[in-house]
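Notes for the one structure printed next.
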Amino acid sequence: MTRARNEPGRDGKGTTSAVQSVDRAVSVLEILARHGEAGVTEIAGELAVHKSTAFRLLGVLENRGLVAQAKDHGKYRLGAGVLRLAGAAALRLDISQEGVPVCRELADELGETVNMAVPDEEAAVNIMQARGTASVTAQNWLGRRTPLHATSSGKVFLAHMPPALREGRLGRPLHRFTDRMITEAPVLRDELAKVFAQGYAVTLEELELGLAAVAAPVRSHDGSVIAAISVSGPVYRLTAERLPRLGGRTAAAAAELSRRMGYGF
């Protein structure tokens with residue numbers, strides 16, 4: 001069947017107008033996300049359109065639940081429908097897929113082994129590994145389960161656990177893997193408070209002699225910690241002096257992956 005040349009939604013002005021309307025509607029949502037709330041005049045000004053056009057766009061978005069109007073002063077803000085869409089998208093985002101370019105870039109930049117781990121009851125499980133140029137002989141951590149108190153990723157998970165759950169973990173005997181490891185609960189509590197405050201965790205020969213690592217939290221759209229990105233290597237390369245800089249860079253990579261997972265929008 002042959003379609004008319006100017007059939008709306010296919011060719012001609014109808015397509016151009018529809019695409020422009022979608023672009024403007026998305027821009028409205030971005031404006032409200034940026035400002036928190038805004039009036040019709042403000043939105044029209046940022047879009048460079050007439051107030052009537054901005055009002056029509058807001059009306060459509062309001063009918064869909066994507067924006068809501070405050071009754072007391074008439075300004076608009078993002079509606080509950082945005083949360084519904086964000087939640088649905090977040091459920092379908094594969095953290096492994098999203099994490100590949102982030103971990104690969106970090107490994108290439110630092111030259112060290114980069115892992116991503118997820119919490120699994122009382123352990124951290126490494127689900128991805130990227131090797132840098134300096135770590136060609138590094139061992140394979142993929143799929144390995146490690147105790148929470150023994151690794152930088154595990155410390156990240158402990159630091160962001162609900163207090164009651166964390167205390168349950170710390171109230172049990174903690175196996176010592178090396179003499180450098182923290183097994184005293186009061187000392188470990190102080191260490192976890194530091195991890196929470198500075199945004200990354202550090203281990204120096206706590207799981208294995210000669211091994212050092214840093215890790216930072218990856219968050220989902222609701223702010224919960226769902227993974228950790230870590231950088232590990234021998235202590236002669238990951239020195240105590242170098243670890244804070246690596247920690248900051250790892251935290252930046254984790255923040256980028258968190259953004260990809262919907263956090264901060």
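Ligands are numbered from 1 in the order shown, chains are lettered A, B, ... in the order of the structure tokens, and residues start at 1 in each chain.
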Run DSSP on the backbone and grab whatever in segment 73-188 of chain A lands in alpha helix (DSSP H); send it over as a PyMOL selection string.
-> chain A and resi 80-92+95-110+152-159+163-170+185-188
Dump as a tab-separated table (two decimals), in the first residue's frame, selection limited to N, CA and C atoms:
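Okay, this is what ended up in again.tsv:
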chain	number	residue	atom	x	y	z
A	80	ALA	N	5.26	12.08	39.97
A	80	ALA	CA	5.55	10.71	40.39
A	80	ALA	C	5.77	9.78	39.20
A	81	GLY	N	5.23	10.16	38.04
A	81	GLY	CA	5.41	9.32	36.86
A	81	GLY	C	6.87	9.18	36.45
A	82	VAL	N	7.67	10.19	36.74
A	82	VAL	CA	9.10	10.12	36.44
A	82	VAL	C	9.76	9.04	37.27
A	83	LEU	N	9.37	8.95	38.54
A	83	LEU	CA	9.92	7.92	39.41
A	83	LEU	C	9.54	6.53	38.91
A	84	ARG	N	8.31	6.40	38.42
A	84	ARG	CA	7.87	5.11	37.89
A	84	ARG	C	8.72	4.69	36.70
A	85	LEU	N	8.97	5.62	35.79
A	85	LEU	CA	9.79	5.32	34.62
A	85	LEU	C	11.23	5.04	35.02
A	86	ALA	N	11.75	5.84	35.95
A	86	ALA	CA	13.13	5.65	36.38
A	86	ALA	C	13.30	4.29	37.04
A	87	GLY	N	12.33	3.91	37.85
A	87	GLY	CA	12.42	2.61	38.52
A	87	GLY	C	12.38	1.46	37.54
A	88	ALA	N	11.51	1.57	36.53
A	88	ALA	CA	11.41	0.52	35.52
A	88	ALA	C	12.70	0.40	34.72
A	89	ALA	N	13.29	1.56	34.39
A	89	ALA	CA	14.54	1.54	33.63
A	89	ALA	C	15.68	0.96	34.45
A	90	ALA	N	15.74	1.34	35.72
A	90	ALA	CA	16.82	0.87	36.58
A	90	ALA	C	16.78	-0.65	36.75
A	91	LEU	N	15.58	-1.21	36.80
A	91	LEU	CA	15.47	-2.65	36.94
A	91	LEU	C	16.03	-3.39	35.74
A	92	ARG	N	16.02	-2.74	34.61
A	92	ARG	CA	16.46	-3.39	33.38
A	92	ARG	C	17.91	-3.09	33.03
A	95	ILE	N	24.15	-3.98	35.33
A	95	ILE	CA	25.33	-3.31	35.87
A	95	ILE	C	26.61	-3.87	35.27
A	96	SER	N	26.60	-5.14	34.92
A	96	SER	CA	27.79	-5.71	34.29
A	96	SER	C	28.06	-5.05	32.95
A	97	GLN	N	27.02	-4.89	32.16
A	97	GLN	CA	27.17	-4.26	30.85
A	97	GLN	C	27.56	-2.81	30.99
A	98	GLU	N	26.91	-2.09	31.89
A	98	GLU	CA	27.22	-0.68	32.08
A	98	GLU	C	28.62	-0.48	32.67
A	99	GLY	N	29.09	-1.46	33.43
A	99	GLY	CA	30.37	-1.30	34.10
A	99	GLY	C	31.58	-1.57	33.24
A	100	VAL	N	31.39	-2.28	32.12
A	100	VAL	CA	32.53	-2.65	31.28
A	100	VAL	C	33.35	-1.45	30.83
A	101	PRO	N	32.76	-0.43	30.18
A	101	PRO	CA	33.58	0.69	29.72
A	101	PRO	C	34.21	1.48	30.85
A	102	VAL	N	33.51	1.58	31.98
A	102	VAL	CA	34.04	2.34	33.12
A	102	VAL	C	35.27	1.63	33.71
A	103	CYS	N	35.16	0.33	33.92
A	103	CYS	CA	36.28	-0.43	34.48
A	103	CYS	C	37.43	-0.53	33.49
A	104	ARG	N	37.11	-0.69	32.22
A	104	ARG	CA	38.16	-0.77	31.20
A	104	ARG	C	38.97	0.52	31.12
A	105	GLU	N	38.27	1.65	31.15
A	105	GLU	CA	38.95	2.94	31.10
A	105	GLU	C	39.84	3.16	32.32
A	106	LEU	N	39.34	2.76	33.50
A	106	LEU	CA	40.12	2.92	34.73
A	106	LEU	C	41.36	2.05	34.70
A	107	ALA	N	41.22	0.81	34.23
A	107	ALA	CA	42.36	-0.10	34.14
A	107	ALA	C	43.40	0.42	33.15
A	108	ASP	N	42.94	0.95	32.02
A	108	ASP	CA	43.86	1.49	31.03
A	108	ASP	C	44.60	2.71	31.57
A	109	GLU	N	43.88	3.53	32.32
A	109	GLU	CA	44.49	4.76	32.85
A	109	GLU	C	45.53	4.46	33.93
A	110	LEU	N	45.18	3.55	34.84
A	110	LEU	CA	46.05	3.29	35.99
A	110	LEU	C	47.04	2.17	35.74
A	152	SER	N	38.83	-4.43	50.23
A	152	SER	CA	38.38	-3.04	50.11
A	152	SER	C	36.91	-2.99	49.67
A	153	SER	N	36.51	-3.85	48.74
A	153	SER	CA	35.10	-3.88	48.32
A	153	SER	C	34.20	-4.28	49.49
A	154	GLY	N	34.63	-5.29	50.25
A	154	GLY	CA	33.85	-5.74	51.39
A	154	GLY	C	33.69	-4.64	52.43
A	155	LYS	N	34.75	-3.86	52.65
A	155	LYS	CA	34.65	-2.75	53.61
A	155	LYS	C	33.65	-1.70	53.13
A	156	VAL	N	33.60	-1.49	51.81
A	156	VAL	CA	32.61	-0.56	51.26
A	156	VAL	C	31.20	-1.04	51.60
A	157	PHE	N	30.94	-2.33	51.40
A	157	PHE	CA	29.61	-2.87	51.68
A	157	PHE	C	29.29	-2.79	53.18
A	158	LEU	N	30.26	-3.11	54.02
A	158	LEU	CA	30.04	-3.02	55.46
A	158	LEU	C	29.76	-1.58	55.89
A	159	ALA	N	30.50	-0.64	55.33
A	159	ALA	CA	30.35	0.76	55.72
A	159	ALA	C	28.98	1.32	55.38
A	163	PRO	N	22.95	-0.15	60.17
A	163	PRO	CA	23.74	-0.36	61.39
A	163	PRO	C	23.48	-1.69	62.08
A	164	ALA	N	22.23	-2.09	62.18
A	164	ALA	CA	21.92	-3.34	62.87
A	164	ALA	C	22.53	-4.54	62.16
A	165	LEU	N	22.45	-4.54	60.84
A	165	LEU	CA	23.03	-5.63	60.06
A	165	LEU	C	24.54	-5.64	60.18
A	166	ARG	N	25.14	-4.45	60.14
A	166	ARG	CA	26.60	-4.36	60.26
A	166	ARG	C	27.06	-4.86	61.62
A	167	GLU	N	26.36	-4.47	62.67
A	167	GLU	CA	26.75	-4.91	64.01
A	167	GLU	C	26.63	-6.42	64.17
A	168	GLY	N	25.67	-7.01	63.46
A	168	GLY	CA	25.56	-8.47	63.48
A	168	GLY	C	26.78	-9.12	62.87
A	169	ARG	N	27.31	-8.51	61.80
A	169	ARG	CA	28.53	-9.04	61.18
A	169	ARG	C	29.74	-8.87	62.10
A	170	LEU	N	29.85	-7.68	62.72
A	170	LEU	CA	31.02	-7.39	63.55
A	170	LEU	C	30.98	-8.12	64.89
A	185	ALA	N	36.65	-5.60	66.59
A	185	ALA	CA	35.43	-4.90	66.16
A	185	ALA	C	35.50	-3.39	66.38
A	186	PRO	N	35.98	-2.89	67.53
A	186	PRO	CA	36.04	-1.43	67.72
A	186	PRO	C	36.94	-0.74	66.69
A	187	VAL	N	38.07	-1.37	66.39
A	187	VAL	CA	38.98	-0.79	65.41
A	187	VAL	C	38.36	-0.80	64.02
A	188	LEU	N	37.69	-1.90	63.70
A	188	LEU	CA	37.05	-2.01	62.39
A	188	LEU	C	35.89	-1.01	62.27
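Shell of segment 18-29 of chain A at 9 Å, with only C-alpha atoms counted and residues fewer than 3 places along the chain excluded, is Pro8, Gly9, Lys13, Gly14, Thr15, Leu32, Ala33, Arg34, Ile43, Glu46, Leu47, Ala54, Leu57, Leu58, Val60, Leu61, Leu66, Val67, Arg77 and Leu78 of chain A.
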Residues flagged strand (DSSP E) by DSSP in segment 1-223 of chain A, as a ChimeraX atom specification = /A:67-69,76-78,113-120,123-130,145-147,201-204,211-219
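Counting from atom CA of Glu121 of chain A, the distance to atom CA of Ala252 of chain A is 26.3 Å.
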Kindly give the distance, in Å, that separates atom CA of Ser220 of chain A and atom CA of Leu204 of chain A, rounded to a single decimal.
->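 For atom CA of Ser220 of chain A relative to atom CA of Leu204 of chain A, the distance reads 28.2 Å.
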Given the choices A:Gly199, A:Gly233, A:Pro147, A:Gly59, which gets closest to Ala213 of chain A if the distance is worked out from only C-alpha atoms?
->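 Comparing A:Gly199, A:Gly233, A:Pro147, A:Gly59 against Ala213 of chain A, the winner is A:Gly233.
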Using atom CA of Ala216 of chain A and atom CA of Thr239 of chain A as the two end points, give the distance in Å to one decimal.
-> 17.8 Å
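Distance annotation: of A:Ile127, A:Arg242, A:Tyr76, A:Gly65, the residue with the minimal separation from Gly143 of chain A is A:Ile127; atom set is only C-alpha atoms.
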Would you list the contacts of Thr41 of chain A as number ranges by chain, taking every protein, DNA or RNA residue within 10 Å and counting only C-alpha atoms, but skipping same-chain residues closer than 6 positions in sequence?
-> A: 47, 49-52, 54-55, 75
Mind writing the picked residues with all heavy atoms as a compact mmCIF listing (two decimals), in the first residue's frame?
# COMPACT_ATOMS: atom_id res chain seq x y z
N LEU A 47 13.00 27.67 26.88
CA LEU A 47 12.75 26.98 25.61
C LEU A 47 12.73 27.92 24.42
O LEU A 47 12.78 27.48 23.28
CB LEU A 47 11.41 26.23 25.67
CG LEU A 47 11.28 25.05 26.62
CD1 LEU A 47 9.86 24.50 26.57
CD2 LEU A 47 12.28 23.97 26.28
N VAL A 49 10.14 29.77 23.54
CA VAL A 49 8.85 29.59 22.88
C VAL A 49 7.82 30.49 23.55
O VAL A 49 8.06 31.07 24.62
CB VAL A 49 8.38 28.11 22.95
CG1 VAL A 49 9.38 27.20 22.27
CG2 VAL A 49 8.15 27.68 24.42
N HIS A 50 6.66 30.61 22.93
CA HIS A 50 5.57 31.39 23.51
C HIS A 50 5.03 30.67 24.75
O HIS A 50 5.09 29.45 24.85
CB HIS A 50 4.46 31.58 22.48
CG HIS A 50 3.47 32.63 22.85
ND1 HIS A 50 2.38 32.37 23.66
CD2 HIS A 50 3.41 33.96 22.55
CE1 HIS A 50 1.67 33.47 23.82
NE2 HIS A 50 2.27 34.46 23.17
N LYS A 51 4.49 31.44 25.68
CA LYS A 51 3.94 30.85 26.92
C LYS A 51 2.85 29.83 26.61
O LYS A 51 2.73 28.83 27.32
CB LYS A 51 3.39 31.96 27.83
CG LYS A 51 4.45 32.74 28.57
CD LYS A 51 3.83 33.86 29.40
CE LYS A 51 2.89 33.33 30.45
NZ LYS A 51 2.36 34.41 31.33
N SER A 52 2.05 30.07 25.58
CA SER A 52 0.98 29.12 25.25
C SER A 52 1.55 27.76 24.85
O SER A 52 0.99 26.72 25.17
CB SER A 52 0.10 29.68 24.13
OG SER A 52 0.86 29.88 22.95
N ALA A 54 4.49 26.51 25.88
CA ALA A 54 4.98 25.90 27.12
C ALA A 54 3.83 25.35 27.95
O ALA A 54 3.94 24.26 28.52
CB ALA A 54 5.77 26.92 27.93
N PHE A 55 2.72 26.08 27.97
CA PHE A 55 1.56 25.63 28.74
C PHE A 55 0.99 24.33 28.17
O PHE A 55 0.60 23.43 28.92
CB PHE A 55 0.49 26.73 28.76
CG PHE A 55 -0.64 26.44 29.70
CD1 PHE A 55 -0.50 26.62 31.07
CD2 PHE A 55 -1.85 25.98 29.20
CE1 PHE A 55 -1.57 26.34 31.93
CE2 PHE A 55 -2.91 25.69 30.05
CZ PHE A 55 -2.76 25.88 31.42
N LYS A 75 3.59 26.81 40.41
CA LYS A 75 4.77 26.36 39.68
C LYS A 75 4.72 24.84 39.49
O LYS A 75 4.03 24.13 40.19
CB LYS A 75 6.04 26.77 40.43
CG LYS A 75 6.29 28.27 40.40
CD LYS A 75 7.70 28.61 40.87
CE LYS A 75 7.97 30.09 40.67
NZ LYS A 75 9.37 30.45 41.02
Across A:Ala193, A:Ile31, A:Ala255, A:Ala70, the smallest distance to Gly223 of chain A, with only C-alpha atoms counted, is shown by A:Ala255
Selection: 8 Å around Ile226 of chain A, only C-alpha atoms, excl. self and same-chain fewer than 5 positions, as a VMD selection string = chain A and resid 118 to 119 217 to 220
Using the selection just defined, write its residues with all heavy atoms as a compact mmCIF listing (two decimals), in the first residue's frame.
# COMPACT_ATOMS: atom_id res chain seq x y z
N VAL A 118 29.90 -7.42 43.82
CA VAL A 118 28.56 -7.19 44.37
C VAL A 118 28.46 -7.94 45.69
O VAL A 118 29.15 -8.94 45.90
CB VAL A 118 27.46 -7.68 43.40
CG1 VAL A 118 27.46 -6.86 42.12
CG2 VAL A 118 27.63 -9.16 43.09
N PRO A 119 27.63 -7.45 46.61
CA PRO A 119 27.48 -8.15 47.89
C PRO A 119 26.65 -9.42 47.74
O PRO A 119 25.68 -9.45 46.99
CB PRO A 119 26.77 -7.11 48.77
CG PRO A 119 26.02 -6.25 47.80
CD PRO A 119 26.85 -6.21 46.56
N PRO A 217 32.07 2.88 46.35
CA PRO A 217 30.71 2.36 46.15
C PRO A 217 30.06 2.78 44.85
O PRO A 217 30.23 3.92 44.38
CB PRO A 217 29.95 2.95 47.35
CG PRO A 217 30.66 4.23 47.65
CD PRO A 217 32.11 3.95 47.36
N VAL A 218 29.29 1.86 44.28
CA VAL A 218 28.44 2.13 43.13
C VAL A 218 27.00 2.11 43.62
O VAL A 218 26.58 1.16 44.29
CB VAL A 218 28.63 1.07 42.03
CG1 VAL A 218 27.66 1.32 40.87
CG2 VAL A 218 30.07 1.06 41.54
N ARG A 219 26.24 3.13 43.27
CA ARG A 219 24.87 3.26 43.78
C ARG A 219 23.85 3.08 42.67
O ARG A 219 24.10 3.41 41.51
CB ARG A 219 24.68 4.64 44.43
CG ARG A 219 25.61 4.89 45.62
CD ARG A 219 25.40 6.28 46.21
NE ARG A 219 26.33 6.55 47.27
CZ ARG A 219 26.14 6.21 48.54
NH1 ARG A 219 25.03 5.58 48.88
NH2 ARG A 219 27.04 6.50 49.46
N SER A 220 22.68 2.59 43.06
CA SER A 220 21.57 2.48 42.13
C SER A 220 20.80 3.79 42.12
O SER A 220 21.16 4.75 42.82
CB SER A 220 20.65 1.33 42.54
OG SER A 220 19.96 1.66 43.72
Polymer residues at most 12 Å from Glu112 of chain A, only C-alpha atoms, same-chain spacing of 5 or more positions, as a VMD selection string = chain A and resid 103 to 107 129 to 139 211 to 214 230 to 235 237 to 238 246 250
